[in-house]
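For reference, the structure discussed in these notes is given below.
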Amino acid sequence: MPRQVDHESRRRRIADAVCRLADEHGLEGVTLRDVAARAEVSMGAVQRCFRTKEEMLVFALAHVGEAVSGRIGKRLAEDGTSGADPRAELEHAAAEISLVSPERRAEARVWLAFVAQAAVTPSLAGLLRDNYRELHGLFSRLLDAAGAGEPRRAAHALLALADGLTTHVLIGHLTPEAAREVLDDHLRGTPGHEAATFGACN
């Protein structure tokens, strides 16, 4: 048992190193040597944890997804004990997924690096599809509880919007505050004509 616990801990340590390197240099900067150095383990230790670089990247992507899902799940659990409004829960979940807050900027860079790589890596694409399927299910349930019409269809639109805002903030097209206004307006069902007033980054 101690050996298994240590093995899983090391895999997560390596995944953290992958994410830090991806944040700094993109996935092209993730080499076996650099990952080992950043994780402060030997190259042999990395190879014992992961048979291939692709397997290591799949695990790291799952690691990022678990962090986001964990924060959402924790908030929903807290809201459940306090009887929060489903719409408030939906707003929080959408904001977490969009990664638009300044403290999530590094996580957003890592996420988009993986999304780009997934376009040419079937194993990463499959994991992303699974993640999006779970998030769509969550949004559908929350929208249904909030009384939205056609919750499954509305969930697709909200998930696409939240995901797209990640890119818009990361490249400086929108400020985090402006992106949050876009998200809030969508959730309130207000017209999009106010979009012209949203401030972009200088």
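Chain identifiers are assigned as A, B, and so on, following the order in which chains appear in the structure tokens; residues are numbered from 1 within each chain, and ligands are numbered from 1 in order of appearance.
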Quiz item: Near Leu61 in chain A, counting only C-alpha atoms, which residues have an atom at most 9 Å away, once you skip same-chain residues fewer than 6 positions from it, shown as an MDAnalysis selection string?
Solution: chainID A and resid 15 19 110:111 114 124 127:128
Restricting the output to all heavy atoms, write the selected residues as an mmCIF file, in the first residue's frame.
```cif
data_model
loop_
_atom_site.group_PDB
_atom_site.id
_atom_site.type_symbol
_atom_site.label_atom_id
_atom_site.label_comp_id
_atom_site.auth_asym_id
_atom_site.auth_seq_id
_atom_site.Cartn_x
_atom_site.Cartn_y
_atom_site.Cartn_z
ATOM 1 N N ALA A 15 2.788 15.569 -13.004
ATOM 2 C CA ALA A 15 1.730 16.306 -13.709
ATOM 3 C C ALA A 15 1.810 17.796 -13.393
ATOM 4 O O ALA A 15 1.621 18.639 -14.280
ATOM 5 C CB ALA A 15 0.364 15.751 -13.318
ATOM 6 N N CYS A 19 2.423 20.881 -16.101
ATOM 7 C CA CYS A 19 1.569 22.070 -16.175
ATOM 8 C C CYS A 19 2.379 23.354 -16.021
ATOM 9 O O CYS A 19 2.114 24.341 -16.715
ATOM 10 C CB CYS A 19 0.478 21.996 -15.112
ATOM 11 S SG CYS A 19 -0.762 20.717 -15.420
ATOM 12 N N VAL A 110 -2.523 26.808 -19.536
ATOM 13 C CA VAL A 110 -2.276 25.371 -19.599
ATOM 14 C C VAL A 110 -3.433 24.672 -20.313
ATOM 15 O O VAL A 110 -3.221 23.808 -21.184
ATOM 16 C CB VAL A 110 -2.087 24.791 -18.183
ATOM 17 C CG1 VAL A 110 -2.017 23.267 -18.225
ATOM 18 C CG2 VAL A 110 -0.821 25.356 -17.543
ATOM 19 N N TRP A 111 -4.651 25.031 -19.957
ATOM 20 C CA TRP A 111 -5.832 24.400 -20.557
ATOM 21 C C TRP A 111 -5.848 24.584 -22.069
ATOM 22 O O TRP A 111 -6.053 23.638 -22.830
ATOM 23 C CB TRP A 111 -7.100 24.981 -19.937
ATOM 24 C CG TRP A 111 -8.365 24.392 -20.485
ATOM 25 C CD1 TRP A 111 -9.201 24.952 -21.405
ATOM 26 C CD2 TRP A 111 -8.926 23.114 -20.164
ATOM 27 N NE1 TRP A 111 -10.263 24.101 -21.663
ATOM 28 C CE2 TRP A 111 -10.106 22.979 -20.922
ATOM 29 C CE3 TRP A 111 -8.541 22.090 -19.303
ATOM 30 C CZ2 TRP A 111 -10.911 21.848 -20.847
ATOM 31 C CZ3 TRP A 111 -9.339 20.955 -19.222
ATOM 32 C CH2 TRP A 111 -10.513 20.839 -19.989
ATOM 33 N N PHE A 114 -3.354 22.479 -23.929
ATOM 34 C CA PHE A 114 -3.822 21.107 -24.091
ATOM 35 C C PHE A 114 -4.907 21.015 -25.171
ATOM 36 O O PHE A 114 -4.947 20.053 -25.939
ATOM 37 C CB PHE A 114 -4.356 20.564 -22.770
ATOM 38 C CG PHE A 114 -3.282 20.000 -21.872
ATOM 39 C CD1 PHE A 114 -2.961 20.623 -20.686
ATOM 40 C CD2 PHE A 114 -2.614 18.844 -22.223
ATOM 41 C CE1 PHE A 114 -1.966 20.101 -19.855
ATOM 42 C CE2 PHE A 114 -1.632 18.307 -21.410
ATOM 43 C CZ PHE A 114 -1.302 18.943 -20.219
ATOM 44 N N LEU A 124 -5.917 12.790 -26.187
ATOM 45 C CA LEU A 124 -6.267 14.024 -25.486
ATOM 46 C C LEU A 124 -7.659 14.496 -25.893
ATOM 47 O O LEU A 124 -8.437 14.965 -25.053
ATOM 48 C CB LEU A 124 -5.241 15.119 -25.785
ATOM 49 C CG LEU A 124 -3.846 14.962 -25.180
ATOM 50 C CD1 LEU A 124 -2.924 16.053 -25.694
ATOM 51 C CD2 LEU A 124 -3.900 14.982 -23.663
ATOM 52 N N LEU A 127 -10.282 12.546 -24.015
ATOM 53 C CA LEU A 127 -10.425 12.978 -22.624
ATOM 54 C C LEU A 127 -11.181 14.294 -22.549
ATOM 55 O O LEU A 127 -12.036 14.482 -21.673
ATOM 56 C CB LEU A 127 -9.042 13.119 -21.982
ATOM 57 C CG LEU A 127 -9.010 13.559 -20.516
ATOM 58 C CD1 LEU A 127 -9.839 12.620 -19.640
ATOM 59 C CD2 LEU A 127 -7.563 13.616 -20.012
ATOM 60 N N LEU A 128 -10.896 15.211 -23.465
ATOM 61 C CA LEU A 128 -11.609 16.486 -23.479
ATOM 62 C C LEU A 128 -13.096 16.286 -23.754
ATOM 63 O O LEU A 128 -13.938 16.945 -23.141
ATOM 64 C CB LEU A 128 -11.009 17.419 -24.529
ATOM 65 C CG LEU A 128 -9.732 18.160 -24.133
ATOM 66 C CD1 LEU A 128 -9.187 18.942 -25.314
ATOM 67 C CD2 LEU A 128 -9.983 19.091 -22.956
#
```
Per residue of range 46-102 of chain A within 12 Å of range 155-158 of chain A, record the nearest atom pair and its distance in Å to one decimal, counting only C-alpha atoms, with rows in chain order and ascending residue number, as CSV.
```
residue,atom,partner,partner_atom,distance
A:Leu90,CA,A:Leu158,CA,9.9
A:Glu91,CA,A:Leu158,CA,10.3
A:Ala93,CA,A:Leu158,CA,10.6
A:Ala94,CA,A:Leu158,CA,7.6
A:Ala95,CA,A:Leu158,CA,10.6
A:Ile97,CA,A:Leu158,CA,10.3
A:Ser98,CA,A:Leu158,CA,10.0
```
Practice problem: List every residue of range 25-198 of chain A that DSSP, applied to the backbone of this structure, assigns to helix (DSSP H, G or I), and report them as a PyMOL selection string. | Solution: chain A and resi 25+27-29+32-39+43-49+53-82+86-98+102-118+122-145+151-170+176-188+192-197
Exercise. For His63 in chain A, list every protein, DNA or RNA residue within 9 Å, evaluated using only C-alpha atoms, and leave out those in the same chain fewer than 3 positions away; present the list as a count of residues only.
Key: 8
Quiz item: Within 12 Å of Met56 in chain A, counting only C-alpha atoms, which residues qualify if same-chain residues fewer than 3 places away don't, as a ChimeraX atom specification?
Solution: /A:10-19,27,30-32,35-36,46-53,59-63,123-124
Got time to write the residues from that selection, C-alpha atoms, as a PDB file, in the first residue's frame?
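Writing done, so here's result-v2.pdb:
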```pdb
ATOM      1  CA  ARG A  10       4.810  10.995  -7.813  1.00  0.00           C
ATOM      2  CA  ARG A  11       2.525  10.910 -10.851  1.00  0.00           C
ATOM      3  CA  ARG A  12       0.724  14.001  -9.575  1.00  0.00           C
ATOM      4  CA  ARG A  13       4.032  15.703  -8.854  1.00  0.00           C
ATOM      5  CA  ILE A  14       5.102  15.044 -12.425  1.00  0.00           C
ATOM      6  CA  ALA A  15       1.730  16.306 -13.709  1.00  0.00           C
ATOM      7  CA  ASP A  16       2.269  19.552 -11.777  1.00  0.00           C
ATOM      8  CA  ALA A  17       5.671  19.890 -13.432  1.00  0.00           C
ATOM      9  CA  VAL A  18       4.123  19.336 -16.868  1.00  0.00           C
ATOM     10  CA  CYS A  19       1.569  22.070 -16.175  1.00  0.00           C
ATOM     11  CA  LEU A  27       3.479  21.926 -24.667  1.00  0.00           C
ATOM     12  CA  VAL A  30       7.503  19.816 -22.200  1.00  0.00           C
ATOM     13  CA  THR A  31      10.434  17.439 -22.610  1.00  0.00           C
ATOM     14  CA  LEU A  32      11.192  14.391 -20.510  1.00  0.00           C
ATOM     15  CA  VAL A  35       9.810  17.510 -16.609  1.00  0.00           C
ATOM     16  CA  ALA A  36      12.174  15.372 -14.532  1.00  0.00           C
ATOM     17  CA  VAL A  46       9.257   9.655 -14.987  1.00  0.00           C
ATOM     18  CA  GLN A  47       9.521   6.696 -17.357  1.00  0.00           C
ATOM     19  CA  ARG A  48       8.429   4.281 -14.646  1.00  0.00           C
ATOM     20  CA  CYS A  49       5.328   6.406 -14.003  1.00  0.00           C
ATOM     21  CA  PHE A  50       4.457   6.940 -17.670  1.00  0.00           C
ATOM     22  CA  ARG A  51       5.284   4.667 -20.568  1.00  0.00           C
ATOM     23  CA  THR A  52       5.067   7.466 -23.150  1.00  0.00           C
ATOM     24  CA  LYS A  53       4.979  11.249 -23.305  1.00  0.00           C
ATOM     25  CA  PHE A  59      -2.683  12.290 -17.077  1.00  0.00           C
ATOM     26  CA  ALA A  60      -1.671  15.955 -16.733  1.00  0.00           C
ATOM     27  CA  LEU A  61      -4.781  17.100 -18.617  1.00  0.00           C
ATOM     28  CA  ALA A  62      -6.957  14.967 -16.349  1.00  0.00           C
ATOM     29  CA  HIS A  63      -5.127  16.547 -13.400  1.00  0.00           C
ATOM     30  CA  SER A 123      -6.177  10.426 -26.730  1.00  0.00           C
ATOM     31  CA  LEU A 124      -6.267  14.024 -25.486  1.00  0.00           C
TER      32      LEU A 124
END
```
Self-check item: Contacts of Ala148 in chain A at 12 Å (only C-alpha atoms; same-chain gap of 3+ positions) as a ChimeraX atom specification
Solution: /A:86-87,90,139-145,151-155,158,187-189
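In terms of minimum interatomic distance to Leu138 in chain A, A:Ile72 ranks closest within A:Leu174, A:Asp85, A:Ala39, A:Ile72, counting only C-alpha atoms.
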Self-check item: Nearest candidate to Ala108 in chain A (options A:Glu78, A:Asp130, A:Asp23, A:Glu28; using only C-alpha atoms)
Solution: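 That would be A:Asp23, the residue with the smallest distance to Ala108 in chain A.
Computed from the coordinates, the CA of Tyr132 in chain A to CA of Ser69 in chain A distance equals 11.1 Å.
Picture a line from CA of Leu161 in chain A to CA of Ala77 in chain A; it runs 24.6 Å.
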Self-check item: Proximity to Val100 in chain A - best of A:His173, A:His7, A:His25, A:Arg20, only C-alpha atoms
Solution: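 Using only C-alpha atoms, the shortest distance to Val100 in chain A belongs to A:His173.
Take CA of Arg129 in chain A and CA of Gly65 in chain A: the distance between them is 11.7 Å.
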